[in-house]
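**Q** The structure follows.
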Amino acid sequence: MRLKPKSALPGFHLALGYTLIYLSLIVLIPLAGVFLKTAELGWQEIIDILRSERVLSALSLSFGTALIAAALNAFFGTLVAWVFVRYDFPGKRLFDAMIDLPFALPTAVAGIALTALYAGNGWVGQWLEPLGIKIAFTPVGIIIALLFIGLPFVVRTVEPVMRDLEKELEEAAASLGASRWQTIRLVLLPSLLPSLLTGFALAFARGVGEYGSVIFIAGNLPYVSEIAPLLIVIRLEEFDYAGATTVAAAMLVLAFVMLLVINGLQAWSNRHKVRHQALAQPIQAGGAL
Amino acid sequence: MSSTTILAARHSAVTESSGVRRLLITAALLFLLMFLLLPLISVFFEALRNGVHTYVDALTEPDAVAAIKLTLLASGIAVPLNLVFGVAAAWAVAKFEFRGKALLVTLIDLPFSVSPVVSGLIYVLMFGASGWAAGWMADTNIQIIFALPGIVLATIFVTFPFVARELIPLMQEQGTDDEQAALSLGASGWQTFWYITLPNVRWGLLYGVLLCNARAMGEFGAVSVVSGHIRGETNTMPLHVEILYNEYNFAAAFAMASVLASLALLTLGLKTLLEARHGDSLAKGQKH
Amino acid sequence: MNITLKNINKQFGQFHALSSIDLHVESGELIALLGPSGSGKTTLLRIIAGLEFANGGAVYFGGEDVAATPLRKRQIGFVFQHYALFKHMTVRDNVSFGLRIRKGDARPSKSDIRQRADELLELVQLSGLGDRYPHQLSGGQRQRVALARALAIEPKVLLLDEPFGALDAKVRKELRHWLRELHQKTGVTTLFVTHDQEEALELADRVVIMSGGKIAQIGSVDEVYEQPASPMVFDFLGSTNRIPVERHGNHLVIGTDKIAIYEGDHTGHGTVYVRPGDLRVASPDDVGLDAIVRNVQRTGPIVRATVAINSTGQLVYVEMPHLHHDVQHLLPQQSLRLRLMQYSVYDAENTPDGEDAPEPVLIGRERLRLA
């Protein structure tokens, strides 16, 4: 591999060398440790750990709630993006800035705030409890927390694409006799689909690994409302390193798969809008503000 | 038909009727209210529920002060380190062509895809009591896990990509003409960097640092795994919130939470300001 | 400072951007690197500057190989196509940058630096604009700031990449004159890249015409214009009529009509390249192209006509100044005989992209200045 491109600019070796060393020390080597540690166990042991009922229910809870929350966010996030891009209303700028709150607010703060709201005596919970709807300390609570965490991923991915949609497309559809709903379904939605899927995948990836905002509202009942990241923590506190690392390795594998999927989706999304140069900077899983 | 109805009719060809529009706006705002605004308001409400006196007490008791100090210290170390890394990575990636660049960029983003708990776990595996480096640590009497270095490491990991991912697209957009011009005028590499590159990316850099810092101060999961939760010693602000909450000391928990929420609001405010004032000097994705 | 290039080669992956470039530039010359986009002219300029590196060959400044001299030590003034002005610095700070960053004794005093910057701003006619920022200037002004900045370090060589490319037509013309004058004043060896043949011919002492990564022709403006070395060069330097002909001994024939007589003896197919402005109305007893006028247009001082050759029907374009006495013959449907005042004949019909351009067989030159 020829690393050094002959260039008039100096500092390539220094910058790349530092980058690679820092990246290896902080990220790559420690992450590799998870797989090394897991590999110390035999296949049988790994399978046994992963197939134990508690692990299975934790993993399926994490996946299931993240999937539902991401789907809901895909819907509401698109709605919110649409309203921001297309309509004007008082307080729009304030609301627009607030969209990023879940990126900025520490997850623990979000967790206790949501719990206070949706618990049986909370501002929202007290109206739902008499109807027999329990949110806090049930899997529904987890979905609520993940809705909060995932919303900006969808909005911030879909919004720029929506903004760049040419009004002429819709006008052309309308001039050809399409109804508003037909225009939205046949013209707008297909153009938005790649970014929508990207936003969905980002929200999902973040939701599966989420910890801080969930553990307060979840109730953390084994087999019922105990998420996979919490199970890792519990195993660790029990000094069951094998158990903790195996679950962590499973989650890491999933994270890498999601990263590939998201990169693929973004490449697809970018191809879709080569013509529009105002391409949104892709937000990565786990995301920047 | 009056002229206004004709206009309205024509308008509706490419937008929704005002009834539908109002319905959509209401639905969207209601959703934001329920899931964003109410939680935020409730933090401050719960914090002040028992009066200002309790609030101030909660923030000035020694353990709280220690937590605030530790958080400031940890992010004070982690953010500058990630800043230096971000600048170096952006310089290499944005200003040069080399093989494996796309892979490098993906790897830089990797920490964003890792669950916070796993981010903490990896350091426990390395430096914990039965970790790979346990022998070395026993010899040198250095403690990493359940101490400041572990907290700093976990914080660095979770905030690793922030500065780099802001600077890379920005520097790529700016190209290398300015640097080449400076070099052709006789500037050295460092002079070119200090006088030309850095001023060109200063707003983007500030933006990245702002986001990096917000996450560094607020990180919970990763730090929770490596901290050991020793009150007054290895408790950061978010961990302190958790401890107080689990002790049913809600007012104090929310008091500390309100400080973190204020920090988040400050970050959002500054971020919005940066986007409005210096939108063209930020990477494309941040231009609204 | 003279510049010599020996056997420069440059590849980008599989693509040969430059192959075997040899060039010698005398001290004080003003040289245009002219060519269509993708011809390698900018790459060549950047290699001379040290912004890009050749895969083979050598660059000599004043006889000295500069391979080991990095960009910052080459003492070249480089003017970028989009100027690359430092947008966070005032115009004066931009101009003085090269002096301010010098270290130790090499750095002039603050007042000297300021004075020098102001002198340069005066030279480029921007006195009084020193405290502005680049975004407050027009395109033409930015261009001149970029030039003043490059001149501040007293470069041995001035290199300009498409210096007027981003400017509108009027400003372009003004700056051209001005650059020519500036070159006369400073006498710095100057190379500039352009794809505009008019710009190259008007400004340069010598023109280097490039095509497909090779030098197609080097010569003075007169040489390249009047004795194009290849169909590509002929075609590139202005509009051209291409007329297939037969060569019989010492004359050119279309069908059975003799259209021109020249010295020499050749036989075979060929193509005549003749510029619209090199066609004049011939007297009936001269040899020439018989044609019929299809339409006539006047654009400003030039009259343009389209005529069809009688024997083949091919359309040929004719241009002449509006006061020329031949203009009276240019009436629609008028039959006339056209004389080829100056032309080149090449071996066969060729694409003008230069790769496989044949040697010109002969150049018919019949100069007859009409009053």
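Going through the structure tokens in order, the chains are called A, B, and so on, while each chain numbers its residues from 1 and the ligands are numbered from 1 in the order shown.
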Chain B residues within 8 Å of chain C, counting only C-alpha atoms: which ones, as a list in words?
**A**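 The contacting residues on chain B are Asp177, Asp178, Gln180, Ala181, Ala182, Leu183, Ser184, Leu185, Gly186, Ala187, Ser188, Gln191, Ile196, Pro199 and Asn200 of chain B.
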**Q** Those same residues, written as a JSON list (two decimals), in the first residue's frame with C-alpha atoms?
**A**
[["chain", "number", "residue", "atom", "x", "y", "z"],
["B", 177, "ASP", "CA", -5.92, 26.25, -2.80],
["B", 178, "ASP", "CA", -5.51, 28.50, 0.23],
["B", 180, "GLN", "CA", -1.02, 26.01, -1.59],
["B", 181, "ALA", "CA", -1.15, 29.77, -1.98],
["B", 182, "ALA", "CA", 0.36, 30.25, 1.49],
["B", 183, "LEU", "CA", 3.11, 27.73, 0.78],
["B", 184, "SER", "CA", 3.89, 29.34, -2.57],
["B", 185, "LEU", "CA", 4.34, 32.63, -0.68],
["B", 186, "GLY", "CA", 6.98, 30.96, 1.47],
["B", 187, "ALA", "CA", 5.00, 29.94, 4.56],
["B", 188, "SER", "CA", 6.11, 26.83, 6.45],
["B", 191, "GLN", "CA", 2.55, 28.78, 9.55],
["B", 196, "ILE", "CA", -4.64, 29.91, 7.04],
["B", 199, "PRO", "CA", -8.87, 30.55, 10.80],
["B", 200, "ASN", "CA", -10.75, 29.03, 7.87]]
**Q** I'd like the neighbourhood of segment 128-145 of chain C as a PDB file with C-alpha atoms, in the first residue's frame, where a residue qualifies if any of its atoms comes within 6 Å (using only C-alpha atoms), though same-chain residues fewer than 2 positions away should be ignored.
**A**
ATOM      1  CA  LYS C  87     -10.896  35.564   3.259  1.00  0.00           C
ATOM      2  CA  THR C  90      -7.742  42.321   4.673  1.00  0.00           C
ATOM      3  CA  VAL C  91      -6.444  43.028   1.209  1.00  0.00           C
ATOM      4  CA  ARG C  92      -3.255  44.514   2.670  1.00  0.00           C
ATOM      5  CA  VAL C 124      -2.252  46.942  -9.378  1.00  0.00           C
ATOM      6  CA  LEU C 126      -6.040  49.254  -5.881  1.00  0.00           C
ATOM      7  CA  LEU C 147      -1.439  39.149  -8.470  1.00  0.00           C
ATOM      8  CA  ALA C 148      -0.122  41.754  -6.034  1.00  0.00           C
TER       9      ALA C 148
END
**Q** Quick one: residues within 6 Å of segment 70-85 of chain B, only C-alpha atoms, excluding same-chain residues fewer than 6 positions away - as a PDB file with N, CA, C and O atoms, in the first residue's frame?
**A**
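The result, stored in result_29.pdb:
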ATOM      1  N   VAL B 152     -12.231   9.260  32.050  1.00  0.00           N
ATOM      2  CA  VAL B 152     -11.752  10.060  30.919  1.00  0.00           C
ATOM      3  C   VAL B 152     -11.738   9.212  29.644  1.00  0.00           C
ATOM      4  O   VAL B 152     -12.201   9.657  28.590  1.00  0.00           O
ATOM      5  N   ILE B 156     -13.732   9.991  26.307  1.00  0.00           N
ATOM      6  CA  ILE B 156     -13.062  10.178  25.017  1.00  0.00           C
ATOM      7  C   ILE B 156     -13.703   9.286  23.962  1.00  0.00           C
ATOM      8  O   ILE B 156     -13.990   9.710  22.849  1.00  0.00           O
ATOM      9  N   PHE B 160     -15.530  10.654  20.668  1.00  0.00           N
ATOM     10  CA  PHE B 160     -14.414  10.530  19.728  1.00  0.00           C
ATOM     11  C   PHE B 160     -14.657  11.213  18.376  1.00  0.00           C
ATOM     12  O   PHE B 160     -13.840  11.994  17.905  1.00  0.00           O
ATOM     13  N   VAL B 163     -15.498  16.169  16.705  1.00  0.00           N
ATOM     14  CA  VAL B 163     -14.730  17.231  16.052  1.00  0.00           C
ATOM     15  C   VAL B 163     -14.320  16.789  14.645  1.00  0.00           C
ATOM     16  O   VAL B 163     -14.461  17.540  13.679  1.00  0.00           O
ATOM     17  N   ALA B 216     -19.782  15.032  26.300  1.00  0.00           N
ATOM     18  CA  ALA B 216     -18.793  14.635  27.307  1.00  0.00           C
ATOM     19  C   ALA B 216     -19.332  14.852  28.712  1.00  0.00           C
ATOM     20  O   ALA B 216     -19.182  14.007  29.592  1.00  0.00           O
ATOM     21  N   MET B 217     -19.983  15.999  28.931  1.00  0.00           N
ATOM     22  CA  MET B 217     -20.488  16.298  30.270  1.00  0.00           C
ATOM     23  C   MET B 217     -21.718  15.470  30.606  1.00  0.00           C
ATOM     24  O   MET B 217     -21.990  15.217  31.773  1.00  0.00           O
ATOM     25  N   THR B 236     -19.771  11.350  38.439  1.00  0.00           N
ATOM     26  CA  THR B 236     -19.935  12.551  37.619  1.00  0.00           C
ATOM     27  C   THR B 236     -21.348  13.071  37.824  1.00  0.00           C
ATOM     28  O   THR B 236     -22.157  12.433  38.507  1.00  0.00           O
TER      29      THR B 236
END
**Q** List the neighbours of Phe76 of chain A out to 10 Å using only C-alpha atoms; skip same-chain residues closer than 6 positions along the sequence, and give me the result as a VMD selection string.
**A** (chain A and resid 70 82 147 151 154 to 155) or (chain B and resid 27 to 28 31 to 32)
**Q** Can those selected residues be exported to a file as a compact mmCIF listing (two decimals), in the first residue's frame so that it contains N, CA and C atoms?
**A**
# COMPACT_ATOMS: atom_id res chain seq x y z
N ALA A 70 -38.48 3.15 16.26
CA ALA A 70 -37.94 3.71 15.02
C ALA A 70 -39.05 3.86 13.98
N TRP A 82 -42.03 17.67 7.60
CA TRP A 82 -42.94 18.23 6.61
C TRP A 82 -43.50 19.56 7.08
N LEU A 147 -38.48 6.85 21.61
CA LEU A 147 -39.08 7.86 20.73
C LEU A 147 -38.36 9.18 20.91
N LEU A 151 -35.98 10.66 17.69
CA LEU A 151 -36.68 11.62 16.84
C LEU A 151 -35.74 12.47 15.96
N VAL A 154 -34.42 11.02 12.56
CA VAL A 154 -35.31 11.00 11.40
C VAL A 154 -35.50 12.42 10.86
N VAL A 155 -35.82 13.35 11.75
CA VAL A 155 -36.11 14.72 11.29
C VAL A 155 -34.90 15.29 10.55
N ALA B 27 -50.86 18.33 14.99
CA ALA B 27 -50.38 16.99 15.33
C ALA B 27 -48.88 17.00 15.60
N ALA B 28 -48.11 17.67 14.73
CA ALA B 28 -46.66 17.70 14.90
C ALA B 28 -46.28 18.39 16.20
N PHE B 31 -47.08 16.37 19.27
CA PHE B 31 -46.07 15.33 19.44
C PHE B 31 -44.81 15.90 20.08
N LEU B 32 -44.33 17.04 19.55
CA LEU B 32 -43.13 17.66 20.10
C LEU B 32 -43.35 18.09 21.55
**Q** Leu30 of chain C: which residues within 8 Å, counting only C-alpha atoms, same-chain residues fewer than 4 positions away excluded, as an mmCIF file with all heavy atoms, in the first residue's frame?
**A**
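Contents of part23.cif, as written:
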data_model
loop_
_atom_site.group_PDB
_atom_site.id
_atom_site.type_symbol
_atom_site.label_atom_id
_atom_site.label_comp_id
_atom_site.auth_asym_id
_atom_site.auth_seq_id
_atom_site.Cartn_x
_atom_site.Cartn_y
_atom_site.Cartn_z
ATOM 1 N N HIS C 183 3.722 43.261 -17.080
ATOM 2 C CA HIS C 183 4.837 42.398 -17.431
ATOM 3 C C HIS C 183 5.990 43.205 -17.986
ATOM 4 O O HIS C 183 7.154 42.964 -17.677
ATOM 5 C CB HIS C 183 4.399 41.332 -18.432
ATOM 6 C CG HIS C 183 5.512 40.446 -18.872
ATOM 7 N ND1 HIS C 183 6.123 40.584 -20.094
ATOM 8 C CD2 HIS C 183 6.168 39.457 -18.238
ATOM 9 C CE1 HIS C 183 7.096 39.695 -20.187
ATOM 10 N NE2 HIS C 183 7.139 38.994 -19.071
ATOM 11 N N THR C 189 9.676 36.523 -15.615
ATOM 12 C CA THR C 189 9.321 35.406 -16.489
ATOM 13 C C THR C 189 7.915 34.952 -16.126
ATOM 14 O O THR C 189 7.642 34.650 -14.962
ATOM 15 C CB THR C 189 10.284 34.229 -16.278
ATOM 16 O OG1 THR C 189 11.614 34.743 -16.315
ATOM 17 C CG2 THR C 189 10.102 33.173 -17.343
ATOM 18 N N THR C 190 7.016 34.915 -17.094
ATOM 19 C CA THR C 190 5.621 34.658 -16.785
ATOM 20 C C THR C 190 5.048 33.574 -17.691
ATOM 21 O O THR C 190 5.253 33.608 -18.901
ATOM 22 C CB THR C 190 4.788 35.949 -16.947
ATOM 23 O OG1 THR C 190 5.348 36.963 -16.124
ATOM 24 C CG2 THR C 190 3.341 35.717 -16.583
ATOM 25 N N LEU C 191 4.365 32.615 -17.063
ATOM 26 C CA LEU C 191 3.610 31.631 -17.838
ATOM 27 C C LEU C 191 2.167 31.699 -17.406
ATOM 28 O O LEU C 191 1.891 31.766 -16.211
ATOM 29 C CB LEU C 191 4.115 30.207 -17.574
ATOM 30 C CG LEU C 191 5.392 29.770 -18.272
ATOM 31 C CD1 LEU C 191 6.572 30.063 -17.387
ATOM 32 C CD2 LEU C 191 5.310 28.289 -18.599
ATOM 33 N N PHE C 192 1.276 31.703 -18.365
ATOM 34 C CA PHE C 192 -0.125 31.627 -17.961
ATOM 35 C C PHE C 192 -0.868 30.601 -18.797
ATOM 36 O O PHE C 192 -0.521 30.341 -19.947
ATOM 37 C CB PHE C 192 -0.805 33.001 -18.006
ATOM 38 C CG PHE C 192 -1.049 33.557 -19.386
ATOM 39 C CD1 PHE C 192 -2.293 33.426 -19.981
ATOM 40 C CD2 PHE C 192 -0.046 34.208 -20.067
ATOM 41 C CE1 PHE C 192 -2.534 33.937 -21.236
ATOM 42 C CE2 PHE C 192 -0.280 34.720 -21.334
ATOM 43 C CZ PHE C 192 -1.512 34.595 -21.925
ATOM 44 N N LEU C 203 -1.790 38.361 -25.724
ATOM 45 C CA LEU C 203 -0.908 38.667 -24.597
ATOM 46 C C LEU C 203 0.524 38.166 -24.753
ATOM 47 O O LEU C 203 1.473 38.831 -24.351
ATOM 48 C CB LEU C 203 -1.482 37.992 -23.338
ATOM 49 C CG LEU C 203 -2.202 38.868 -22.338
ATOM 50 C CD1 LEU C 203 -2.797 37.998 -21.241
ATOM 51 C CD2 LEU C 203 -1.272 39.886 -21.747
ATOM 52 N N ALA C 204 0.657 36.972 -25.323
ATOM 53 C CA ALA C 204 1.916 36.261 -25.132
ATOM 54 C C ALA C 204 2.977 36.608 -26.160
ATOM 55 O O ALA C 204 2.674 37.007 -27.285
ATOM 56 C CB ALA C 204 1.642 34.758 -25.168
ATOM 57 N N ASP C 205 4.253 36.469 -25.744
ATOM 58 C CA ASP C 205 5.360 36.535 -26.691
ATOM 59 C C ASP C 205 5.368 35.262 -27.528
ATOM 60 O O ASP C 205 5.521 35.286 -28.735
ATOM 61 C CB ASP C 205 6.702 36.625 -25.960
ATOM 62 C CG ASP C 205 6.793 37.874 -25.113
ATOM 63 O OD1 ASP C 205 6.225 38.905 -25.510
ATOM 64 O OD2 ASP C 205 7.420 37.811 -24.034
ATOM 65 N N ARG C 206 5.237 34.153 -26.809
ATOM 66 C CA ARG C 206 5.193 32.870 -27.489
ATOM 67 C C ARG C 206 4.037 32.059 -26.949
ATOM 68 O O ARG C 206 3.652 32.203 -25.783
ATOM 69 C CB ARG C 206 6.502 32.093 -27.254
ATOM 70 C CG ARG C 206 7.648 32.592 -28.129
ATOM 71 C CD ARG C 206 8.730 31.543 -28.216
ATOM 72 N NE ARG C 206 9.288 31.231 -26.913
ATOM 73 C CZ ARG C 206 9.865 30.065 -26.634
ATOM 74 N NH1 ARG C 206 9.948 29.122 -27.554
ATOM 75 N NH2 ARG C 206 10.365 29.853 -25.436
#
**Q** From the options B:Ser113, B:Thr159, B:Gln174, B:Thr234, which residue's atoms come nearest to Val209 of chain B, counting only C-alpha atoms?
**A**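 Among the listed residues, B:Thr159 lies closest to Val209 of chain B.
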**Q** Skip His322 of chain C itself and residues of its chain fewer than 2 positions away, then list as a PyMOL selection string all residues within 12 Å of it, counting only C-alpha atoms.
**A** chain C and resi 277+296-305+319-320+324-330
**Q** Any chance you can output those residues with all heavy atoms as a short mmCIF file (atom, residue, chain, number, x, y, z; two decimals), in the first residue's frame?
**A**
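Result saved to again_39.cif:
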data_model
loop_
_atom_site.label_atom_id
_atom_site.label_comp_id
_atom_site.auth_asym_id
_atom_site.auth_seq_id
_atom_site.Cartn_x
_atom_site.Cartn_y
_atom_site.Cartn_z
N GLY C 277 -11.73 34.21 -42.84
CA GLY C 277 -11.19 35.53 -43.16
C GLY C 277 -10.13 35.48 -44.23
O GLY C 277 -9.64 36.53 -44.68
N VAL C 296 -26.14 36.33 -45.92
CA VAL C 296 -25.13 37.31 -45.47
C VAL C 296 -25.62 37.93 -44.18
O VAL C 296 -26.81 38.22 -44.03
CB VAL C 296 -24.94 38.41 -46.53
CG1 VAL C 296 -23.82 39.35 -46.12
CG2 VAL C 296 -24.67 37.81 -47.89
N GLN C 297 -24.69 38.09 -43.26
CA GLN C 297 -25.05 38.68 -41.96
C GLN C 297 -23.97 39.66 -41.58
O GLN C 297 -22.79 39.40 -41.82
CB GLN C 297 -25.02 37.58 -40.90
CG GLN C 297 -26.36 37.12 -40.45
CD GLN C 297 -26.20 36.12 -39.34
OE1 GLN C 297 -25.22 35.38 -39.32
NE2 GLN C 297 -27.15 36.12 -38.44
N ARG C 298 -24.37 40.75 -40.99
CA ARG C 298 -23.33 41.64 -40.51
C ARG C 298 -23.36 41.65 -38.99
O ARG C 298 -24.42 41.85 -38.39
CB ARG C 298 -23.59 43.05 -41.03
CG ARG C 298 -22.58 43.99 -40.46
CD ARG C 298 -22.58 45.32 -41.08
NE ARG C 298 -21.80 46.20 -40.21
CZ ARG C 298 -21.67 47.48 -40.40
NH1 ARG C 298 -22.25 48.07 -41.44
NH2 ARG C 298 -20.94 48.21 -39.57
N THR C 299 -22.22 41.38 -38.38
CA THR C 299 -22.14 41.52 -36.92
C THR C 299 -21.06 42.54 -36.61
O THR C 299 -19.88 42.24 -36.78
CB THR C 299 -21.79 40.18 -36.26
OG1 THR C 299 -20.77 39.57 -37.04
CG2 THR C 299 -22.97 39.27 -36.16
N GLY C 300 -21.49 43.70 -36.21
CA GLY C 300 -20.52 44.75 -35.92
C GLY C 300 -19.69 45.05 -37.14
O GLY C 300 -20.23 45.22 -38.24
N PRO C 301 -18.36 45.07 -37.00
CA PRO C 301 -17.50 45.46 -38.11
C PRO C 301 -17.24 44.31 -39.08
O PRO C 301 -16.52 44.50 -40.06
CB PRO C 301 -16.21 45.88 -37.42
CG PRO C 301 -16.18 45.09 -36.16
CD PRO C 301 -17.60 44.88 -35.75
N ILE C 302 -17.78 43.16 -38.83
CA ILE C 302 -17.48 41.99 -39.67
C ILE C 302 -18.71 41.58 -40.47
O ILE C 302 -19.82 41.54 -39.92
CB ILE C 302 -17.05 40.79 -38.80
CG1 ILE C 302 -15.84 41.14 -37.94
CG2 ILE C 302 -16.75 39.56 -39.66
CD1 ILE C 302 -14.54 41.24 -38.68
N VAL C 303 -18.50 41.29 -41.73
CA VAL C 303 -19.59 40.74 -42.54
C VAL C 303 -19.32 39.25 -42.71
O VAL C 303 -18.21 38.85 -43.08
CB VAL C 303 -19.66 41.43 -43.92
CG1 VAL C 303 -20.75 40.79 -44.77
CG2 VAL C 303 -19.92 42.91 -43.73
N ARG C 304 -20.31 38.43 -42.38
CA ARG C 304 -20.15 36.99 -42.51
C ARG C 304 -21.12 36.48 -43.57
O ARG C 304 -22.30 36.84 -43.56
CB ARG C 304 -20.49 36.28 -41.20
CG ARG C 304 -19.54 36.60 -40.08
CD ARG C 304 -20.08 36.05 -38.75
NE ARG C 304 -19.64 36.90 -37.66
CZ ARG C 304 -18.47 36.74 -37.02
NH1 ARG C 304 -17.67 35.77 -37.36
NH2 ARG C 304 -18.13 37.56 -36.05
N ALA C 305 -20.60 35.61 -44.42
CA ALA C 305 -21.48 35.05 -45.45
C ALA C 305 -21.34 33.53 -45.45
O ALA C 305 -20.27 33.01 -45.13
CB ALA C 305 -21.11 35.60 -46.82
N GLU C 319 -15.59 35.54 -44.15
CA GLU C 319 -15.68 36.75 -43.31
C GLU C 319 -14.84 37.85 -43.92
O GLU C 319 -13.73 37.58 -44.40
CB GLU C 319 -15.09 36.46 -41.92
CG GLU C 319 -16.03 35.73 -40.98
CD GLU C 319 -15.37 35.46 -39.64
OE1 GLU C 319 -14.28 36.06 -39.36
OE2 GLU C 319 -15.90 34.65 -38.89
N MET C 320 -15.33 39.07 -43.85
CA MET C 320 -14.48 40.19 -44.24
C MET C 320 -14.93 41.46 -43.53
O MET C 320 -16.08 41.56 -43.10
CB MET C 320 -14.44 40.36 -45.75
CG MET C 320 -15.77 40.45 -46.44
SD MET C 320 -15.59 40.46 -48.23
CE MET C 320 -15.18 38.76 -48.58
N HIS C 324 -14.60 46.39 -46.70
CA HIS C 324 -13.81 45.78 -47.77
C HIS C 324 -14.56 45.87 -49.09
O HIS C 324 -15.78 45.74 -49.12
CB HIS C 324 -13.54 44.31 -47.40
CG HIS C 324 -12.47 43.68 -48.23
ND1 HIS C 324 -12.73 43.16 -49.46
CD2 HIS C 324 -11.14 43.51 -48.00
CE1 HIS C 324 -11.59 42.68 -49.96
NE2 HIS C 324 -10.62 42.89 -49.09
N HIS C 325 -13.80 46.09 -50.20
CA HIS C 325 -14.51 46.31 -51.46
C HIS C 325 -15.17 45.04 -52.00
O HIS C 325 -16.01 45.10 -52.88
CB HIS C 325 -13.58 46.93 -52.51
CG HIS C 325 -12.35 46.10 -52.77
ND1 HIS C 325 -12.38 44.93 -53.46
CD2 HIS C 325 -11.06 46.31 -52.41
CE1 HIS C 325 -11.15 44.44 -53.51
NE2 HIS C 325 -10.33 45.25 -52.87
N ASP C 326 -14.79 43.85 -51.44
CA ASP C 326 -15.45 42.62 -51.89
C ASP C 326 -16.87 42.49 -51.34
O ASP C 326 -17.64 41.68 -51.82
CB ASP C 326 -14.64 41.40 -51.43
CG ASP C 326 -13.45 41.15 -52.33
OD1 ASP C 326 -13.36 41.85 -53.37
OD2 ASP C 326 -12.62 40.29 -51.99
N VAL C 327 -17.17 43.26 -50.29
CA VAL C 327 -18.45 43.08 -49.60
C VAL C 327 -19.61 43.26 -50.59
O VAL C 327 -20.63 42.58 -50.49
CB VAL C 327 -18.56 44.07 -48.42
CG1 VAL C 327 -19.98 44.12 -47.88
CG2 VAL C 327 -17.61 43.65 -47.31
N GLN C 328 -19.44 44.11 -51.58
CA GLN C 328 -20.52 44.36 -52.52
C GLN C 328 -20.95 43.10 -53.29
O GLN C 328 -22.07 43.01 -53.76
CB GLN C 328 -20.09 45.44 -53.53
CG GLN C 328 -18.80 45.04 -54.23
CD GLN C 328 -18.26 46.14 -55.12
OE1 GLN C 328 -18.99 46.67 -55.93
NE2 GLN C 328 -17.00 46.46 -54.95
N HIS C 329 -20.00 42.12 -53.38
CA HIS C 329 -20.37 40.89 -54.09
C HIS C 329 -21.17 39.93 -53.23
O HIS C 329 -21.69 38.95 -53.72
CB HIS C 329 -19.10 40.15 -54.57
CG HIS C 329 -18.29 40.96 -55.51
ND1 HIS C 329 -18.65 41.19 -56.82
CD2 HIS C 329 -17.13 41.63 -55.33
CE1 HIS C 329 -17.74 41.94 -57.41
NE2 HIS C 329 -16.81 42.24 -56.53
N LEU C 330 -21.18 40.19 -51.95
CA LEU C 330 -21.85 39.26 -51.04
C LEU C 330 -23.33 39.57 -50.95
O LEU C 330 -23.81 40.20 -50.02
CB LEU C 330 -21.21 39.31 -49.65
CG LEU C 330 -19.75 38.88 -49.57
CD1 LEU C 330 -19.23 39.00 -48.14
CD2 LEU C 330 -19.56 37.47 -50.09
#
**Q** Run DSSP on the backbone and tell me which residues of segment 47-272 of chain A come out as helix (DSSP H, G or I); list them as an MDAnalysis selection string.
**A** chainID A and resid 47:51 53:86 92:98 101:104 107:118 125:131 139:164 167:175 180:209 212:218 228:237 241:272
**Q** Which neighbours of Ile262 of chain A fall inside 8 Å, counting only C-alpha atoms, when residues of the same chain fewer than 5 positions from it are skipped, and could you give them as a count of residues only?
**A** 3
**Q** In segment 11-253 of chain C, what's strand (DSSP E or B) per DSSP? Answer as JSON, numbers by chain?
**A** {"C": [11, 12, 15, 16, 17, 18, 19, 20, 21, 22, 23, 24, 25, 30, 31, 32, 33, 34, 56, 57, 58, 59, 60, 61, 64, 65, 76, 77, 78, 79, 157, 158, 159, 160, 161, 189, 190, 191, 192, 193, 194, 206, 207, 208, 209, 210, 211, 214, 215, 216, 217, 218, 219, 220, 241, 242, 243, 244, 245, 246, 247, 248, 249, 250, 251, 252, 253]}
**Q** Atom CA of His229 of chain B to atom CA of Ile227 of chain A: how many Å, to one decimal?
**A**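 These atoms are spaced 21.0 Å apart.
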**Q** Tell me, in Å to one decimal, how far atom CA of Ala164 of chain B is from atom CA of Ala90 of chain B.
**A**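 Atom-to-atom, atom CA of Ala164 of chain B and atom CA of Ala90 of chain B are spaced 5.8 Å apart.
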**Q** Could you check which of B:Ala89, B:Ala133, B:Leu211, B:Leu48 is closest to Leu274 of chain B, using only C-alpha atoms?
**A**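 Ranked by minimum distance to Leu274 of chain B, first place goes to B:Leu211.
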**Q** With distances taken over only C-alpha atoms, which residue among B:Leu29, B:Ala64, B:Val118, B:Val87 lies nearest Phe35 of chain A?
**A** B:Val118
